[in-house]
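As provided, coords-v9.txt (compact mmCIF, C-alpha atoms) reads as follows.
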```txt
# COMPACT_ATOMS: atom_id res chain seq x y z
CA MET F 19 52.16 -18.41 178.36
CA SER F 20 52.19 -19.49 174.84
CA GLU F 21 55.23 -18.78 172.55
CA ARG F 22 55.21 -17.36 169.06
CA PRO F 23 55.76 -19.89 166.47
CA ASP F 24 59.37 -19.72 165.27
CA GLY F 25 58.69 -19.97 161.64
CA GLY F 26 56.25 -17.03 161.38
CA GLU F 27 56.62 -13.27 161.14
CA GLY F 28 55.06 -10.78 163.44
CA LEU F 29 51.89 -8.96 162.49
CA GLY F 30 52.45 -5.96 160.34
CA ARG F 31 56.21 -5.97 160.56
CA SER F 32 58.56 -6.76 157.79
CA SER F 33 61.42 -9.02 158.03
CA GLY F 34 63.71 -6.17 158.55
CA GLY F 35 61.87 -4.94 161.55
CA THR F 36 59.94 -2.19 159.76
CA PRO F 37 56.19 -2.29 159.83
CA ASP F 38 54.58 -2.94 156.50
CA PHE F 39 52.39 0.10 156.69
CA VAL F 40 55.43 2.35 157.06
CA GLN F 41 57.01 2.56 153.62
CA PRO F 42 59.72 5.07 152.54
CA ALA F 43 58.37 8.03 150.59
CA PRO F 44 58.93 7.72 146.90
CA PRO F 45 61.57 10.08 145.52
CA ILE F 46 60.21 13.36 144.29
CA PRO F 47 60.93 13.73 140.60
CA PRO F 48 62.72 16.95 139.70
CA GLY F 49 60.41 19.70 138.65
CA PRO F 50 60.47 21.27 135.23
CA PRO F 51 63.33 23.74 134.64
CA PRO F 52 62.49 27.38 135.21
CA PRO F 53 61.31 29.13 132.12
CA ALA F 54 64.09 30.90 130.24
CA ALA F 55 64.07 34.67 130.32
CA PRO F 56 62.44 36.09 127.21
CA PRO F 57 65.03 37.44 124.73
CA ARG F 58 65.64 41.18 125.02
CA PRO F 59 64.42 42.93 121.92
CA ALA F 60 67.27 44.28 119.82
CA ALA F 61 67.75 48.04 119.90
CA PRO F 62 66.44 49.73 116.75
CA TYR F 63 69.15 50.56 114.19
CA ARG F 64 70.07 54.20 114.28
CA PRO F 65 72.25 55.24 111.34
CA SER F 66 75.12 57.56 112.15
CA ARG F 67 74.48 61.23 111.38
CA ARG F 68 78.15 61.94 110.71
CA PRO F 69 78.05 61.22 106.93
CA ALA F 70 75.02 63.50 106.57
CA VAL F 71 76.74 66.28 108.52
CA VAL F 72 79.91 65.96 106.43
CA THR F 73 77.90 65.98 103.21
CA ALA F 74 75.98 69.07 104.30
CA ALA F 75 79.23 70.86 105.18
CA VAL F 76 80.77 70.02 101.79
CA VAL F 77 77.65 71.21 99.97
CA LEU F 78 77.70 74.46 101.96
CA VAL F 79 81.38 75.10 101.16
CA VAL F 80 80.81 74.42 97.45
CA ALA F 81 77.82 76.77 97.45
CA VAL F 82 79.81 79.56 99.12
CA VAL F 83 82.75 79.17 96.71
CA THR F 84 80.40 79.15 93.74
CA ALA F 85 78.63 82.27 95.00
CA LEU F 86 81.92 84.10 95.53
CA GLY F 87 83.11 83.12 92.04
CA THR F 88 79.84 84.33 90.54
CA VAL F 89 80.09 87.67 92.34
CA ALA F 90 83.73 88.12 91.27
CA ALA F 91 82.88 87.30 87.65
CA TRP F 92 79.92 89.71 87.76
CA ARG F 93 82.11 92.48 89.09
CA ALA F 94 84.75 91.80 86.45
CA ASP F 95 82.09 91.88 83.71
CA THR F 96 80.49 95.08 84.97
CA ARG F 97 83.71 96.92 85.69
CA VAL F 98 84.27 99.09 82.65
CA PRO F 99 87.77 100.52 82.32
CA PRO F 100 87.79 104.29 82.06
CA PRO F 101 88.28 105.52 78.51
CA ALA F 102 91.73 106.76 77.68
CA PRO F 103 91.82 110.54 77.64
CA ALA F 104 91.82 111.94 74.15
CA THR F 105 94.91 113.89 73.30
CA THR F 106 96.53 115.26 70.20
CA ARG F 107 99.99 114.78 71.65
CA PRO F 108 101.81 112.27 69.43
CA ALA F 109 103.90 109.53 70.97
CA ALA F 110 107.62 109.99 70.63
CA SER F 111 108.97 107.56 68.07
CA PRO F 112 112.28 105.77 68.53
CA SER F 113 115.24 107.51 66.98
CA THR F 114 117.30 106.06 64.15
CA ALA F 115 120.98 105.21 64.46
CA GLU F 116 121.79 108.93 64.30
CA ARG F 117 121.10 110.78 67.53
CA ASP F 118 117.70 112.53 67.69
CA ALA F 119 116.57 111.76 64.13
CA ILE F 120 113.32 110.29 62.83
CA LEU F 121 111.61 109.53 59.51
CA PHE F 122 108.10 110.85 58.91
CA THR F 123 105.25 110.86 56.40
CA GLY F 124 103.47 114.16 55.89
CA ALA F 125 100.48 115.41 53.93
CA ARG F 126 102.43 115.85 50.64
CA GLY F 127 105.56 113.78 51.05
CA THR F 128 107.99 111.92 53.27
CA GLY F 129 111.14 113.11 54.94
CA ARG F 130 113.51 113.05 57.84
CA LEU F 131 113.73 115.28 60.93
CA ALA F 132 116.92 115.58 62.96
CA VAL F 133 117.80 117.69 66.02
CA LEU F 134 121.44 118.59 65.62
CA GLU F 135 122.00 120.85 68.64
CA THR F 136 120.19 121.59 71.90
CA SER F 137 121.01 124.45 74.27
CA TRP F 138 119.25 125.89 77.33
CA GLU F 139 119.57 129.61 78.03
CA PRO F 140 118.79 130.74 81.59
CA GLY F 141 116.17 133.42 82.02
CA SER F 142 112.63 134.07 83.19
CA PRO F 143 111.53 131.74 81.83
CA ASP F 144 114.40 129.72 80.45
CA ARG F 145 114.80 129.43 76.67
CA LEU F 146 115.39 126.29 74.67
CA ARG F 147 117.26 126.74 71.41
CA LEU F 148 117.10 123.87 68.94
CA THR F 149 119.01 123.46 65.68
CA VAL F 150 116.85 121.27 63.43
CA GLU F 151 117.39 119.78 60.00
CA LEU F 152 114.62 118.77 57.59
CA THR F 153 115.19 116.55 54.54
CA CYS F 154 112.56 115.73 51.90
CA THR F 155 112.79 112.19 50.46
CA THR F 156 109.58 112.06 48.37
CA GLY F 157 106.96 114.60 47.31
CA THR F 158 107.22 117.98 49.07
CA VAL F 159 107.69 119.09 52.68
CA ASP F 160 106.68 122.53 53.97
CA HIS F 161 108.72 124.08 56.78
CA GLY F 162 108.80 127.10 59.10
CA PRO F 163 109.02 127.90 62.84
CA ASP F 164 105.30 127.28 63.26
CA SER F 165 105.78 123.70 61.95
CA PHE F 166 107.10 122.85 65.45
CA GLN F 167 105.57 122.71 68.94
CA LEU F 168 106.69 121.41 72.34
CA PHE F 169 104.98 119.44 75.07
CA ASP F 170 106.59 119.97 78.45
CA ALA F 171 106.85 117.38 81.25
CA THR F 172 103.30 118.20 82.43
CA GLY F 173 101.79 117.86 78.94
CA ARG F 174 101.41 121.61 78.39
CA LEU F 175 101.67 122.76 74.78
CA VAL F 176 104.38 125.38 74.09
CA GLU F 177 104.46 127.35 70.84
CA PRO F 178 107.71 128.66 69.26
CA SER F 179 109.02 131.98 70.54
CA THR F 180 108.77 135.02 68.26
CA ALA F 181 111.63 136.81 70.00
CA GLY F 182 114.33 135.19 67.85
CA GLY F 183 114.65 136.90 64.51
CA GLY F 184 118.31 135.92 64.08
CA ALA F 185 120.08 134.95 60.91
CA GLY F 186 120.12 131.32 61.96
CA ASP F 187 116.39 130.99 62.55
CA LEU F 188 114.48 128.44 60.47
CA GLY F 189 112.67 130.22 57.65
CA TYR F 190 109.53 129.43 55.72
CA GLY F 191 109.60 127.44 52.50
CA ARG F 192 108.92 124.17 50.72
CA LEU F 193 111.37 121.37 50.06
CA GLY F 194 111.33 119.11 47.00
CA ARG F 195 112.68 115.62 46.72
CA GLY F 196 116.29 115.43 47.89
CA GLU F 197 116.33 118.99 49.29
CA GLN F 198 117.35 119.89 52.83
CA VAL F 199 117.09 122.89 55.17
CA ARG F 200 118.62 123.69 58.55
CA GLY F 201 117.79 126.38 61.12
CA GLU F 202 117.07 127.27 64.76
CA VAL F 203 113.75 127.16 66.60
CA LEU F 204 113.34 128.80 70.05
CA PHE F 205 110.91 127.98 72.87
CA ASP F 206 110.37 129.85 76.14
CA VAL F 207 110.11 126.99 78.63
CA ALA F 208 111.70 126.00 81.93
CA ARG F 209 114.45 123.41 81.67
CA GLN F 210 112.93 119.94 81.80
CA PRO F 211 112.38 116.91 79.57
CA VAL F 212 110.25 117.95 76.58
CA THR F 213 108.88 116.43 73.37
CA LEU F 214 109.41 118.21 70.04
CA VAL F 215 106.54 117.75 67.58
CA LEU F 216 106.59 118.34 63.80
CA SER F 217 103.22 119.13 62.21
CA ASP F 218 101.81 119.93 58.77
CA ASP F 219 98.37 120.06 57.15
CA ALA F 220 97.85 116.37 58.05
CA GLY F 221 98.45 117.06 61.75
CA SER F 222 101.33 115.83 63.91
CA VAL F 223 103.66 113.69 61.80
CA ALA F 224 106.74 113.14 64.04
CA ALA F 225 107.90 113.55 67.63
CA LEU F 226 111.30 113.45 69.32
CA ARG F 227 112.06 113.28 73.04
CA ILE F 228 114.55 115.86 74.34
CA THR F 229 115.99 115.56 77.83
CA GLY F 230 116.42 118.63 79.98
```

So, in terms of structure tokens, how does the structure I just supplied come out?
Amino acid sequence: MSERPDGGEGLGRSSGGTPDFVQPAPPIPPGPPPPAAPPRPAAPYRPSRRPAVVTAAVVLVVAVVTALGTVAAWRADTRVPPPAPATTRPAASPSTAERDAILFTGARGTGRLAVLETSWEPGSPDRLRLTVELTCTTGTVDHGPDSFQLFDATGRLVEPSTAGGGAGDLGYGRLGRGEQVRGEVLFDVARQPVTLVLSDDAGSVAALRITG
């Protein structure tokens, strides 16, 4: 039996005892990284509807207020106040410092009317007796019982009573400047606040309020 030479290597075997035809597998290089996920498309911008809603509400409120103001103004413009009723009843003028006295201007002159006494006589109807005094200051002033009328509390016109005929009744005449006359005038009227009116050719020239 022959021996292997000492200095040689065996057929097909490396020095480490591994055959030459058996080599370790080369390392596998790492594969490419996985593709990144495509970016998610951004959501479309949707503007908030709140400002539009608030603006619409404000516009609606302004429109309603404007419409109401227009209607109110139209009603105020078209509302015509009723005309004051025509009346020939003169307004009672304020008295002077003396009780129940007033200055007046008539058709032919100026003067002063004063009510000196007032008395109510019971009856059916009651009777009002007035003691009046007329003074002429300029021009002339005519006088007589029919120079006076009354308006009662309801506005009814009352003419002087013809049932007097006493010595103290106011007579008819004409006063000149500085002249004065005094007399009584009677009215058949229930006791109540009344207005005494003095009239001449110019119409009603003075009025005095008399309480009941």

Point-to-point distance in Å for atom CA of Glu135 of chain F and atom CA of Gly194 of chain F =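 If I compute the distance from atom CA of Gly194 of chain F to atom CA of Glu135 of chain F, I get 24.2 Å.
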
inquiry  = Considering only C-alpha atoms, can you say which of F:Asp164, F:Leu146, F:Arg195, F:Leu175 comes closest to Gly129 of chain F?
reply    = F:Arg195

request  = Find, counting all atoms listed in the file, the residue in F:Ala171, F:Leu148, F:Val159, F:Ala225 that gets nearest to Val199 of chain F.
outcome  =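 Among the listed residues, F:Val159 lies closest to Val199 of chain F.
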
ask   = atom CA of Arg126 of chain F and atom CA of Gly157 of chain F, how far apart in Å?
value =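 Going from atom CA of Gly157 of chain F over to atom CA of Arg126 of chain F covers 5.8 Å.
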
request  = May I ask for the distance between atom CA of Tyr190 of chain F and atom CA of His161 of chain F, given in Å to one decimal place?
outcome  =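 A separation of 5.5 Å between them.
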
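The residue that comes closest to Ala208 of chain F, out of F:Leu168, F:Leu226, F:Leu188, F:Val133 and on the basis of all atoms listed in the file, is F:Leu168.
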
key: Residue nearest Glu197 of chain F - candidates F:Thr136, F:Thr128, F:Arg209, F:Val176, atoms counted: all atoms listed in the file   = F:Thr128

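With all atoms listed in the file as the atoms that count, the residue of F:Glu151, F:Asp170, F:Glu139, F:Asp160 with the shortest distance to Gln210 of chain F is F:Asp170.
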
Pick from F:Leu134, F:Ala125, F:Leu193, F:Gln198 nearest to Thr153 of chain F, counting all atoms listed in the file =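 With all atoms listed in the file as the atom set, the closest residue is F:Gln198.
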
query = What lies within 10 Å of Asp187 of chain F using only C-alpha atoms, ignoring chain neighbours under 2 positions off, as a list of chain:residue names?
reply = F:Arg147, F:Leu148, F:Thr149, F:Val150, F:Gly162, F:Pro163, F:Gly182, F:Gly183, F:Gly184, F:Ala185, F:Gly189, F:Tyr190, F:Arg200, F:Gly201, F:Glu202, F:Val203, F:Leu204
